[in-house]
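J.: Structure file work-v4.csv, CSV, C-alpha atoms and all ligand atoms, is pasted below:
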chain,number,residue,atom,x,y,z
A,132,MET,CA,0.0,0.0,0.0
A,133,VAL,CA,2.8,2.4,0.9
A,134,ASN,CA,4.6,1.7,-2.4
A,135,ALA,CA,1.3,2.1,-4.3
A,136,ALA,CA,1.2,5.6,-2.8
A,137,ARG,CA,4.9,6.4,-3.2
A,138,VAL,CA,4.9,5.6,-6.9
A,139,SER,CA,3.2,9.0,-7.3
A,140,PHE,CA,6.7,10.4,-6.5
A,141,ASN,CA,8.6,7.5,-8.3
A,142,GLN,CA,9.8,6.2,-4.9
A,143,GLU,CA,9.7,2.9,-3.2
A,144,SER,CA,10.3,1.5,0.3
A,145,GLU,CA,12.0,-1.9,0.9
A,146,GLU,CA,10.9,-2.2,4.6
A,147,LEU,CA,8.2,-0.6,6.6
A,148,SER,CA,9.6,2.5,8.4
A,149,ASP,CA,8.0,4.8,10.9
A,150,ARG,CA,7.6,7.3,8.0
A,151,ASP,CA,5.6,4.6,6.1
A,152,VAL,CA,3.4,4.0,9.1
A,153,GLY,CA,2.7,7.7,9.2
A,154,LEU,CA,1.9,7.6,5.5
A,155,ILE,CA,-0.7,4.9,6.0
A,156,GLY,CA,-2.4,7.1,8.7
A,157,PHE,CA,-2.2,10.1,6.3
A,158,LEU,CA,-3.8,8.2,3.4
A,159,ALA,CA,-6.6,6.8,5.6
A,160,ARG,CA,-7.3,10.1,7.3
A,161,ASN,CA,-7.5,12.0,4.0
A,162,ARG,CA,-9.4,9.2,2.2
A,163,HIS,CA,-6.8,8.5,-0.4
A,164,GLY,CA,-8.4,5.1,-0.8
A,165,SER,CA,-6.9,3.5,-3.9
A,166,PRO,CA,-3.5,2.5,-2.4
A,167,PHE,CA,-5.5,0.3,0.0
A,168,GLU,CA,-6.7,-1.7,-3.0
A,169,HIS,CA,-3.2,-3.2,-3.4
A,170,GLY,CA,-3.6,-6.2,-1.1
A,171,TYR,CA,-5.5,-9.4,-1.2
A,172,PHE,CA,-7.5,-11.5,1.3
A,173,ARG,CA,-9.1,-14.8,0.4
A,174,PHE,CA,-11.5,-16.6,2.9
A,175,LEU,CA,-13.3,-19.8,2.7
A,176,VAL,CA,-16.6,-19.0,4.4
A,177,LYS,CA,-19.3,-21.4,5.7
A,178,ALA,CA,-22.5,-19.7,6.6
A,179,PRO,CA,-26.3,-20.0,6.4
A,180,ILE,CA,-27.9,-18.8,3.2
A,181,PHE,CA,-29.6,-15.8,4.9
A,182,VAL,CA,-26.1,-14.5,5.9
A,183,VAL,CA,-24.8,-15.1,2.4
A,184,ARG,CA,-27.7,-13.0,1.0
A,185,GLU,CA,-26.4,-10.1,3.1
A,186,HIS,CA,-22.8,-10.7,2.4
A,187,HIS,CA,-23.1,-10.9,-1.3
A,188,ARG,CA,-24.6,-7.4,-1.5
A,189,HIS,CA,-21.1,-6.1,-1.1
A,190,ARG,CA,-19.9,-5.7,-4.7
A,191,ALA,CA,-17.0,-3.3,-5.0
A,192,GLY,CA,-13.7,-5.1,-4.8
A,193,HIS,CA,-15.2,-8.4,-3.7
A,194,ALA,CA,-15.3,-11.8,-5.6
A,195,TYR,CA,-17.3,-14.8,-4.6
A,196,ASN,CA,-17.5,-18.4,-5.8
A,197,GLU,CA,-20.1,-20.6,-4.1
A,198,TRP,CA,-20.9,-24.2,-3.8
A,199,SER,CA,-23.6,-25.1,-6.4
A,200,GLY,CA,-26.8,-26.7,-5.3
A,201,ARG,CA,-27.4,-27.4,-9.0
A,202,TYR,CA,-24.3,-29.6,-9.5
A,203,SER,CA,-24.0,-31.3,-6.1
A,204,LYS,CA,-26.4,-32.5,-3.4
A,205,LEU,CA,-26.6,-30.1,-0.4
A,206,GLU,CA,-25.7,-31.6,2.9
A,207,PRO,CA,-28.3,-31.7,5.6
A,208,GLU,CA,-26.8,-29.0,7.8
A,209,PHE,CA,-28.6,-25.9,8.9
A,210,TYR,CA,-28.2,-23.2,11.4
A,211,VAL,CA,-30.1,-23.1,14.7
A,212,PRO,CA,-29.2,-20.0,16.7
A,213,ASP,CA,-28.1,-20.1,20.3
A,214,TYR,CA,-28.9,-16.4,20.6
A,215,VAL,CA,-32.6,-16.1,20.1
A,216,ARG,CA,-33.8,-12.5,20.4
A,217,THR,CA,-36.8,-10.3,20.2
A,218,GLN,CA,-36.9,-6.9,18.4
A,219,VAL,CA,-37.9,-3.8,20.3
A,220,GLY,CA,-38.7,-0.4,18.8
A,221,LYS,CA,-39.4,0.9,15.3
A,222,PRO,CA,-38.2,-0.3,11.9
A,223,GLY,CA,-34.8,1.2,11.2
A,224,ALA,CA,-34.2,1.7,14.9
A,225,TYR,CA,-34.7,-1.8,16.4
A,226,SER,CA,-32.8,-3.0,19.3
A,227,PHE,CA,-32.6,-6.7,20.1
A,228,GLU,CA,-33.0,-8.4,23.5
A,229,PRO,CA,-32.7,-12.1,24.4
A,230,VAL,CA,-36.0,-13.9,24.9
A,231,ASP,CA,-36.8,-15.9,28.0
A,232,GLU,CA,-35.5,-19.4,28.2
A,233,ALA,CA,-38.8,-21.2,27.4
A,234,THR,CA,-39.3,-19.1,24.2
A,235,ARG,CA,-35.7,-19.7,23.3
A,236,GLU,CA,-36.1,-23.5,23.6
A,237,ARG,CA,-39.4,-23.4,21.7
A,238,THR,CA,-37.9,-21.4,18.9
A,239,ARG,CA,-34.9,-23.6,18.6
A,240,ARG,CA,-37.1,-26.7,18.5
A,241,GLU,CA,-39.3,-25.2,15.7
A,242,LEU,CA,-36.2,-24.3,13.7
A,243,GLU,CA,-34.7,-27.8,14.2
A,244,GLU,CA,-38.0,-29.5,13.3
A,245,THR,CA,-38.6,-27.4,10.2
A,246,GLY,CA,-35.1,-27.9,9.0
A,247,ARG,CA,-35.2,-31.6,9.5
A,248,ARG,CA,-38.5,-32.0,7.7
A,249,ALA,CA,-37.3,-29.8,4.8
A,250,PHE,CA,-34.2,-32.0,4.3
A,251,GLU,CA,-36.5,-35.1,4.4
A,252,ALA,CA,-38.6,-33.6,1.6
A,253,TYR,CA,-35.5,-32.7,-0.3
A,254,GLU,CA,-34.3,-36.4,-0.1
A,255,ARG,CA,-37.7,-37.6,-1.2
A,256,LEU,CA,-37.8,-35.4,-4.2
A,257,LEU,CA,-34.2,-36.5,-5.2
A,258,GLU,CA,-35.2,-40.1,-4.9
A,259,GLN,CA,-38.1,-39.5,-7.3
A,260,GLY,CA,-35.6,-38.2,-9.8
A,261,VAL,CA,-36.4,-34.5,-9.4
A,262,ALA,CA,-33.4,-32.3,-10.4
A,263,LYS,CA,-31.3,-30.9,-7.6
A,264,GLU,CA,-31.9,-27.4,-8.8
A,265,VAL,CA,-35.6,-27.9,-8.3
A,266,ALA,CA,-35.6,-30.0,-5.2
A,267,ARG,CA,-33.5,-27.4,-3.3
A,268,GLY,CA,-36.6,-25.1,-3.4
A,269,VAL,CA,-37.9,-26.9,-0.2
A,270,LEU,CA,-34.8,-26.0,1.9
A,271,PRO,CA,-34.8,-23.2,4.5
A,272,LEU,CA,-32.7,-20.0,4.5
A,273,SER,CA,-30.8,-21.5,7.4
A,274,THR,CA,-29.2,-24.1,5.2
A,275,TYR,CA,-25.4,-23.9,5.3
A,276,THR,CA,-23.5,-23.1,2.1
A,277,LYS,CA,-19.8,-22.3,1.6
A,278,TYR,CA,-17.9,-20.1,-0.8
A,279,PHE,CA,-14.6,-18.5,-1.5
A,280,TRP,CA,-14.6,-14.8,-0.8
A,281,SER,CA,-11.8,-12.6,-2.0
A,282,CYS,CA,-11.4,-8.9,-1.4
A,283,ASN,CA,-8.8,-6.1,-1.0
A,284,PRO,CA,-8.1,-4.3,2.3
A,285,ARG,CA,-10.2,-1.3,1.2
A,286,SER,CA,-13.3,-3.3,0.4
A,287,LEU,CA,-12.7,-5.4,3.6
A,288,MET,CA,-12.7,-2.3,5.7
A,289,HIS,CA,-15.9,-1.0,4.1
A,290,PHE,CA,-17.5,-4.4,4.7
A,291,CYS,CA,-16.4,-4.4,8.4
A,292,GLY,CA,-17.5,-0.8,8.9
A,293,LEU,CA,-21.0,-1.8,7.9
A,294,ARG,CA,-21.3,-5.4,9.1
A,295,ASN,CA,-19.1,-5.5,12.2
A,296,HIS,CA,-21.4,-2.9,13.6
A,297,GLU,CA,-24.2,-3.0,16.2
A,298,SER,CA,-26.8,-2.2,13.5
A,299,ALA,CA,-25.9,-5.3,11.5
A,300,GLN,CA,-27.6,-8.7,12.1
A,301,PHE,CA,-25.8,-10.7,14.8
A,302,GLU,CA,-24.9,-13.6,12.5
A,303,ILE,CA,-23.2,-11.6,9.7
A,304,ARG,CA,-21.5,-9.6,12.5
A,305,GLN,CA,-19.8,-12.8,13.5
A,306,VAL,CA,-18.5,-13.2,9.9
A,307,ALA,CA,-17.3,-9.6,9.8
A,308,ALA,CA,-15.6,-9.8,13.2
A,309,ALA,CA,-13.8,-12.9,12.2
A,310,ALA,CA,-12.7,-11.3,8.9
A,311,GLU,CA,-11.6,-8.2,10.7
A,312,SER,CA,-9.4,-10.2,13.1
A,313,PHE,CA,-7.3,-11.2,10.0
A,314,LEU,CA,-7.0,-7.6,8.9
A,315,GLU,CA,-5.9,-6.7,12.4
A,316,ARG,CA,-3.4,-9.5,12.5
A,317,LEU,CA,-1.9,-9.2,9.0
A,318,MET,CA,-2.1,-5.4,8.5
A,319,PRO,CA,-2.0,-3.9,11.9
A,320,HIS,CA,-1.1,-0.3,10.8
A,321,THR,CA,-3.9,-0.3,8.3
A,322,HIS,CA,-6.3,-1.6,10.8
A,323,ALA,CA,-5.2,1.0,13.4
A,324,ALA,CA,-5.8,3.7,10.8
A,325,PHE,CA,-9.3,2.3,10.1
A,326,LEU,CA,-10.1,2.5,13.9
A,327,ALA,CA,-8.6,6.0,14.1
A,328,ASN,CA,-11.0,7.0,11.3
A,329,CYS,CA,-14.1,5.8,13.2
A,330,ARG,CA,-14.2,2.6,11.2
A,331,VAL,CA,-14.9,4.4,7.9
A,332,ALA,CA,-13.0,2.9,5.0
A,333,PRO,CA,-10.8,5.3,3.1
B,401,LIG,C1,-27.6,-2.6,8.7
B,401,LIG,C2,-27.9,-2.8,7.3
B,401,LIG,C3,-29.2,-3.0,6.8
B,401,LIG,C4,-29.5,-3.2,5.5
B,401,LIG,N1,-30.8,-3.3,5.1
B,401,LIG,C5,-31.0,-3.5,3.8
B,401,LIG,C6,-32.4,-3.7,3.3
B,401,LIG,O1,-33.3,-3.7,4.1
B,401,LIG,N2,-32.6,-4.0,2.0
B,401,LIG,C7,-31.6,-4.0,1.1
B,401,LIG,O2,-31.8,-4.2,-0.1
B,401,LIG,N3,-30.3,-3.8,1.5
B,401,LIG,C8,-30.0,-3.6,2.8
B,401,LIG,N4,-28.7,-3.5,3.2
B,401,LIG,C9,-27.6,-3.6,2.2
B,401,LIG,C10,-27.1,-2.2,1.8
B,401,LIG,O3,-28.0,-1.4,1.2
B,401,LIG,C11,-25.9,-2.4,0.9
B,401,LIG,O4,-26.3,-3.0,-0.3
B,401,LIG,C12,-24.8,-3.2,1.5
B,401,LIG,O5,-24.5,-2.8,2.8
B,401,LIG,C13,-23.5,-3.1,0.6
B,401,LIG,O6,-23.0,-1.8,0.8
B,401,LIG,P1,-22.3,-0.9,-0.3
B,401,LIG,O7,-23.2,-0.8,-1.5
B,401,LIG,O8,-21.8,0.3,0.3
B,401,LIG,O9,-21.1,-1.9,-0.7
B,401,LIG,P2,-20.4,-2.2,-2.1
B,401,LIG,O10,-21.4,-2.9,-3.0
B,401,LIG,O11,-19.2,-3.0,-1.8
B,401,LIG,O12,-20.0,-0.8,-2.7
B,401,LIG,C14,-19.0,-0.1,-2.1
B,401,LIG,C15,-19.1,1.4,-2.5
B,401,LIG,O13,-18.9,1.5,-3.9
B,401,LIG,C16,-19.8,2.5,-4.4
B,401,LIG,N5,-20.8,1.8,-5.3
B,401,LIG,C17,-20.9,0.4,-5.5
B,401,LIG,N6,-21.8,0.2,-6.5
B,401,LIG,C18,-22.3,1.4,-6.9
B,401,LIG,C19,-23.2,1.8,-7.8
B,401,LIG,N7,-23.9,0.9,-8.6
B,401,LIG,N8,-23.5,3.1,-8.0
B,401,LIG,C20,-22.8,4.0,-7.3
B,401,LIG,N9,-21.8,3.7,-6.4
B,401,LIG,C21,-21.6,2.4,-6.2
B,401,LIG,C22,-20.6,3.1,-3.3
B,401,LIG,O14,-19.8,4.2,-2.8
B,401,LIG,C23,-20.5,2.0,-2.2
B,401,LIG,O15,-20.6,2.4,-0.9
B,401,LIG,C24,-28.4,-3.3,4.5
B,401,LIG,C25,-27.1,-3.1,5.0
B,401,LIG,C26,-26.8,-2.9,6.3
B,401,LIG,C27,-25.4,-2.8,6.8
Rewrite the coordinates I just gave you, this time as structure tokens.

T.:
Amino acid sequence: MVNAARVSFNQESEELSDRDVGLIGFLARNRHGSPFEHGYFRFLVKAPIFVVREHHRHRAGHAYNEWSGRYSKLEPEFYVPDYVRTQVGKPGAYSFEPVDEATRERTRRELEETGRRAFEAYERLLEQGVAKEVARGVLPLSTYTKYFWSCNPRSLMHFCGLRNHESAQFEIRQVAAAAESFLERLMPHTHAAFLANCRVAP
């Protein structure tokens, strides 16, 4: 990233110096974003379909390749939340609070039952010779899928700013927090600049 910025002056650094760290902060602060596109992250994500629907809305600087339910049979694995919550307040300004234990257990049982029955129906349709691309229509949004996700540091910061945030749904927030931990570990100065700029991507 530093060298992507320094090429403007036909200069290059071999090792990261304090001056370079200062430059990263300057670039982030002043929203000179394009040098932050010169980096590469690739993740293998396993997540329920409803999380993937949210994730794949992030377009700029992201690439996705997903397991195909047309070409191979989906495995009977679906998400049942530990954290069952109720929404309080108005649309756009909801807050979420845990439900009582009995409601939590009932909800989890309903989701388990529905998921199990859906996968039984899926199996029945496949046994009758129905194409996988048609039979999958009975499966719930909680079905797990997996995909490669590649992005650059700038697009990752934008994603984390929106999705590792209290307004994002709990489940995608877990994905974003995990992804952000890699940014923090592998690009600590860029991550620090992101935090210093109130989690707004340059
Ligand atoms: C809390 C929350 C609630 C949401 N609720 C809904 C909802 O109810 N319904 C819904 O449909 N979506 C919803 N979304 C998705 C949201 O609208 C965005 O699609 C998603 O967050 C991706 O953001 P983005 O477009 O900035 O990211 P990217 O697609 O990665 O784009 C990054 C940036 O590139 C620029 N850009 C990209 N594409 C274009 C373009 N075509 N034209 C101009 N500039 C572009 C913009 O500056 C954009 O911010 C929600 C998102 C969040 C975080």

J.: Smallest atom-to-atom distance to Gly200 (chain A): which of A:Leu293, A:Ile155, A:Leu270, A:Ile303, using all atoms listed in the file?

T.: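 Distance minimum relative to Gly200 (chain A) lands on A:Leu270.
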
J.: Rank A:Pro284, A:Val182, A:Gly246, A:Val269 by their smallest atom-to-atom distance to Met132 (chain A), using only C-alpha atoms, and report the top residue only.

T.: A:Pro284

J.: Using all atoms listed in the file, which residue out of A:Lys204, A:Arg240, A:Arg330, A:His186 lies closest to Ala299 (chain A)?

T.: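 Checking each candidate against Ala299 (chain A), we get A:His186 as the closest.
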
J.: Which of these, A:Arg248, A:Arg184, A:His289, A:Lys177, has the shortest distance to Trp198 (chain A) once you count all atoms listed in the file?

T.: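 Selected residue with least distance to Trp198 (chain A): A:Lys177.
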
J.: Under the rule that all atoms listed in the file are counted, which of A:Pro222, A:Pro229, A:Pro319, A:Pro212 is the nearest residue to ligand LIG 401 (chain B)?

T.: A:Pro222

J.: Take CA of Glu241 (chain A) and CA of Glu302 (chain A) and report the distance between them in Å, one decimal.

T.: 18.8 Å

J.: Show me which residues sit within 8 Å of ligand LIG 401 (chain B) when counting all atoms listed in the file, and put them as a list in words.

T.: Glu185, His186, Arg188, His189, Arg190, Ala191, Gly192, His193, Ser286, His289, Phe290, Leu293, Arg294, His296, Ser298, Ala299 and Gln300 of chain A

J.: Go through A:Ala249, A:Val133, A:Val265, A:Val176 one by one, measure the shortest atom-to-atom distance of each to Leu158 (chain A) using all atoms listed in the file, and give the residue with the smallest value.

T.: A:Val133

J.: CA of Lys277 (chain A) and CA of Glu197 (chain A) are how many Å apart?

T.: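 Interatomic distance, CA of Lys277 (chain A) to CA of Glu197 (chain A): 6.0 Å.
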
J.: Could you name the residues that touch region 233-237 of chain A at 10 Å or less, counting all atoms listed in the file, but leaving out those on the same chain fewer than 2 positions away, as a list in words?

T.: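 These residues fall inside the cut-off: Pro212, Asp213, Tyr214, Val215, Arg216, Thr217, Pro229, Val230, Asp231, Arg239, Arg240, Glu241, Leu242 and Glu243 of chain A.
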
J.: For Arg247 (chain A), please output as a list in words all residues within 9 Å (counting only C-alpha atoms; exclusion window: fewer than 3 positions along the same chain).

T.: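 The contact residues come out as Pro207, Glu208, Phe209, Leu242, Glu243, Glu244, Phe250, Glu251 and Ala252 of chain A.
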
J.: Restore N, CA and C atoms in region 205-241 of chain A and list the result as a PDB file, keeping the file's coordinate frame.

T.:
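Below you can see out-v9.pdb, which holds the result:
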ATOM      1  N   LEU A 205     -26.900 -30.899  -1.616  1.00  0.00           N
ATOM      2  CA  LEU A 205     -26.600 -30.100  -0.400  1.00  0.00           C
ATOM      3  C   LEU A 205     -26.622 -31.014   0.810  1.00  0.00           C
ATOM      4  N   GLU A 206     -25.721 -30.730   1.739  1.00  0.00           N
ATOM      5  CA  GLU A 206     -25.700 -31.600   2.900  1.00  0.00           C
ATOM      6  C   GLU A 206     -26.706 -31.128   3.946  1.00  0.00           C
ATOM      7  N   PRO A 207     -27.252 -32.080   4.696  1.00  0.00           N
ATOM      8  CA  PRO A 207     -28.300 -31.700   5.600  1.00  0.00           C
ATOM      9  C   PRO A 207     -27.782 -31.023   6.871  1.00  0.00           C
ATOM     10  N   GLU A 208     -27.366 -29.802   6.676  1.00  0.00           N
ATOM     11  CA  GLU A 208     -26.800 -29.000   7.800  1.00  0.00           C
ATOM     12  C   GLU A 208     -27.402 -27.645   7.756  1.00  0.00           C
ATOM     13  N   PHE A 209     -27.995 -27.267   8.844  1.00  0.00           N
ATOM     14  CA  PHE A 209     -28.600 -25.900   8.900  1.00  0.00           C
ATOM     15  C   PHE A 209     -28.407 -25.317  10.253  1.00  0.00           C
ATOM     16  N   TYR A 210     -28.527 -24.003  10.258  1.00  0.00           N
ATOM     17  CA  TYR A 210     -28.200 -23.200  11.400  1.00  0.00           C
ATOM     18  C   TYR A 210     -29.369 -23.067  12.391  1.00  0.00           C
ATOM     19  N   VAL A 211     -29.098 -23.336  13.663  1.00  0.00           N
ATOM     20  CA  VAL A 211     -30.100 -23.100  14.700  1.00  0.00           C
ATOM     21  C   VAL A 211     -29.432 -22.174  15.731  1.00  0.00           C
ATOM     22  N   PRO A 212     -29.946 -20.955  15.881  1.00  0.00           N
ATOM     23  CA  PRO A 212     -29.200 -20.000  16.700  1.00  0.00           C
ATOM     24  C   PRO A 212     -29.247 -20.320  18.190  1.00  0.00           C
ATOM     25  N   ASP A 213     -28.125 -20.055  18.831  1.00  0.00           N
ATOM     26  CA  ASP A 213     -28.100 -20.100  20.300  1.00  0.00           C
ATOM     27  C   ASP A 213     -28.737 -18.810  20.826  1.00  0.00           C
ATOM     28  N   TYR A 214     -28.396 -17.716  20.124  1.00  0.00           N
ATOM     29  CA  TYR A 214     -28.900 -16.400  20.600  1.00  0.00           C
ATOM     30  C   TYR A 214     -30.202 -16.089  19.915  1.00  0.00           C
ATOM     31  N   VAL A 215     -31.288 -16.388  20.618  1.00  0.00           N
ATOM     32  CA  VAL A 215     -32.600 -16.100  20.100  1.00  0.00           C
ATOM     33  C   VAL A 215     -33.063 -14.771  20.755  1.00  0.00           C
ATOM     34  N   ARG A 216     -33.467 -13.823  19.927  1.00  0.00           N
ATOM     35  CA  ARG A 216     -33.800 -12.500  20.400  1.00  0.00           C
ATOM     36  C   ARG A 216     -35.145 -12.004  19.954  1.00  0.00           C
ATOM     37  N   THR A 217     -35.616 -10.958  20.606  1.00  0.00           N
ATOM     38  CA  THR A 217     -36.800 -10.300  20.200  1.00  0.00           C
ATOM     39  C   THR A 217     -36.444  -8.882  19.750  1.00  0.00           C
ATOM     40  N   GLN A 218     -37.227  -8.283  18.814  1.00  0.00           N
ATOM     41  CA  GLN A 218     -36.900  -6.900  18.400  1.00  0.00           C
ATOM     42  C   GLN A 218     -37.798  -5.934  19.078  1.00  0.00           C
ATOM     43  N   VAL A 219     -37.192  -4.847  19.509  1.00  0.00           N
ATOM     44  CA  VAL A 219     -37.900  -3.800  20.300  1.00  0.00           C
ATOM     45  C   VAL A 219     -37.718  -2.509  19.517  1.00  0.00           C
ATOM     46  N   GLY A 220     -38.792  -1.712  19.392  1.00  0.00           N
ATOM     47  CA  GLY A 220     -38.700  -0.400  18.800  1.00  0.00           C
ATOM     48  C   GLY A 220     -39.234  -0.378  17.366  1.00  0.00           C
ATOM     49  N   LYS A 221     -38.831   0.645  16.600  1.00  0.00           N
ATOM     50  CA  LYS A 221     -39.400   0.900  15.300  1.00  0.00           C
ATOM     51  C   LYS A 221     -38.497   0.384  14.176  1.00  0.00           C
ATOM     52  N   PRO A 222     -39.070   0.098  12.975  1.00  0.00           N
ATOM     53  CA  PRO A 222     -38.200  -0.300  11.900  1.00  0.00           C
ATOM     54  C   PRO A 222     -37.125   0.758  11.628  1.00  0.00           C
ATOM     55  N   GLY A 223     -35.915   0.297  11.409  1.00  0.00           N
ATOM     56  CA  GLY A 223     -34.800   1.200  11.200  1.00  0.00           C
ATOM     57  C   GLY A 223     -34.118   1.587  12.510  1.00  0.00           C
ATOM     58  N   ALA A 224     -34.803   1.348  13.627  1.00  0.00           N
ATOM     59  CA  ALA A 224     -34.200   1.700  14.900  1.00  0.00           C
ATOM     60  C   ALA A 224     -34.473   0.584  15.932  1.00  0.00           C
ATOM     61  N   TYR A 225     -34.512  -0.644  15.443  1.00  0.00           N
ATOM     62  CA  TYR A 225     -34.700  -1.800  16.400  1.00  0.00           C
ATOM     63  C   TYR A 225     -33.557  -1.963  17.288  1.00  0.00           C
ATOM     64  N   SER A 226     -33.867  -2.410  18.500  1.00  0.00           N
ATOM     65  CA  SER A 226     -32.800  -3.000  19.300  1.00  0.00           C
ATOM     66  C   SER A 226     -33.256  -4.433  19.590  1.00  0.00           C
ATOM     67  N   PHE A 227     -32.323  -5.268  19.979  1.00  0.00           N
ATOM     68  CA  PHE A 227     -32.600  -6.700  20.100  1.00  0.00           C
ATOM     69  C   PHE A 227     -32.275  -7.141  21.537  1.00  0.00           C
ATOM     70  N   GLU A 228     -33.193  -7.921  22.098  1.00  0.00           N
ATOM     71  CA  GLU A 228     -33.000  -8.400  23.500  1.00  0.00           C
ATOM     72  C   GLU A 228     -33.214  -9.900  23.513  1.00  0.00           C
ATOM     73  N   PRO A 229     -32.474 -10.620  24.342  1.00  0.00           N
ATOM     74  CA  PRO A 229     -32.700 -12.100  24.400  1.00  0.00           C
ATOM     75  C   PRO A 229     -34.096 -12.379  24.910  1.00  0.00           C
ATOM     76  N   VAL A 230     -34.670 -13.458  24.380  1.00  0.00           N
ATOM     77  CA  VAL A 230     -36.000 -13.900  24.900  1.00  0.00           C
ATOM     78  C   VAL A 230     -35.801 -14.737  26.126  1.00  0.00           C
ATOM     79  N   ASP A 231     -36.905 -15.047  26.802  1.00  0.00           N
ATOM     80  CA  ASP A 231     -36.800 -15.900  28.000  1.00  0.00           C
ATOM     81  C   ASP A 231     -36.451 -17.328  27.580  1.00  0.00           C
ATOM     82  N   GLU A 232     -36.026 -18.118  28.519  1.00  0.00           N
ATOM     83  CA  GLU A 232     -35.500 -19.400  28.200  1.00  0.00           C
ATOM     84  C   GLU A 232     -36.506 -20.355  27.543  1.00  0.00           C
ATOM     85  N   ALA A 233     -37.790 -20.283  27.991  1.00  0.00           N
ATOM     86  CA  ALA A 233     -38.800 -21.200  27.400  1.00  0.00           C
ATOM     87  C   ALA A 233     -39.017 -20.813  25.922  1.00  0.00           C
ATOM     88  N   THR A 234     -39.066 -19.520  25.611  1.00  0.00           N
ATOM     89  CA  THR A 234     -39.300 -19.100  24.200  1.00  0.00           C
ATOM     90  C   THR A 234     -38.044 -19.484  23.378  1.00  0.00           C
ATOM     91  N   ARG A 235     -36.895 -19.353  23.986  1.00  0.00           N
ATOM     92  CA  ARG A 235     -35.700 -19.700  23.300  1.00  0.00           C
ATOM     93  C   ARG A 235     -35.703 -21.211  22.890  1.00  0.00           C
ATOM     94  N   GLU A 236     -36.052 -22.036  23.842  1.00  0.00           N
ATOM     95  CA  GLU A 236     -36.100 -23.500  23.600  1.00  0.00           C
ATOM     96  C   GLU A 236     -37.123 -23.828  22.534  1.00  0.00           C
ATOM     97  N   ARG A 237     -38.313 -23.187  22.638  1.00  0.00           N
ATOM     98  CA  ARG A 237     -39.400 -23.400  21.700  1.00  0.00           C
ATOM     99  C   ARG A 237     -38.939 -23.033  20.254  1.00  0.00           C
ATOM    100  N   THR A 238     -38.313 -21.883  20.164  1.00  0.00           N
ATOM    101  CA  THR A 238     -37.900 -21.400  18.900  1.00  0.00           C
ATOM    102  C   THR A 238     -36.827 -22.318  18.246  1.00  0.00           C
ATOM    103  N   ARG A 239     -35.895 -22.725  19.080  1.00  0.00           N
ATOM    104  CA  ARG A 239     -34.900 -23.600  18.600  1.00  0.00           C
ATOM    105  C   ARG A 239     -35.464 -24.949  18.103  1.00  0.00           C
ATOM    106  N   ARG A 240     -36.458 -25.442  18.870  1.00  0.00           N
ATOM    107  CA  ARG A 240     -37.100 -26.700  18.500  1.00  0.00           C
ATOM    108  C   ARG A 240     -37.855 -26.552  17.152  1.00  0.00           C
ATOM    109  N   GLU A 241     -38.577 -25.417  17.002  1.00  0.00           N
ATOM    110  CA  GLU A 241     -39.300 -25.200  15.700  1.00  0.00           C
ATOM    111  C   GLU A 241     -38.327 -25.141  14.563  1.00  0.00           C
TER     112      GLU A 241
END
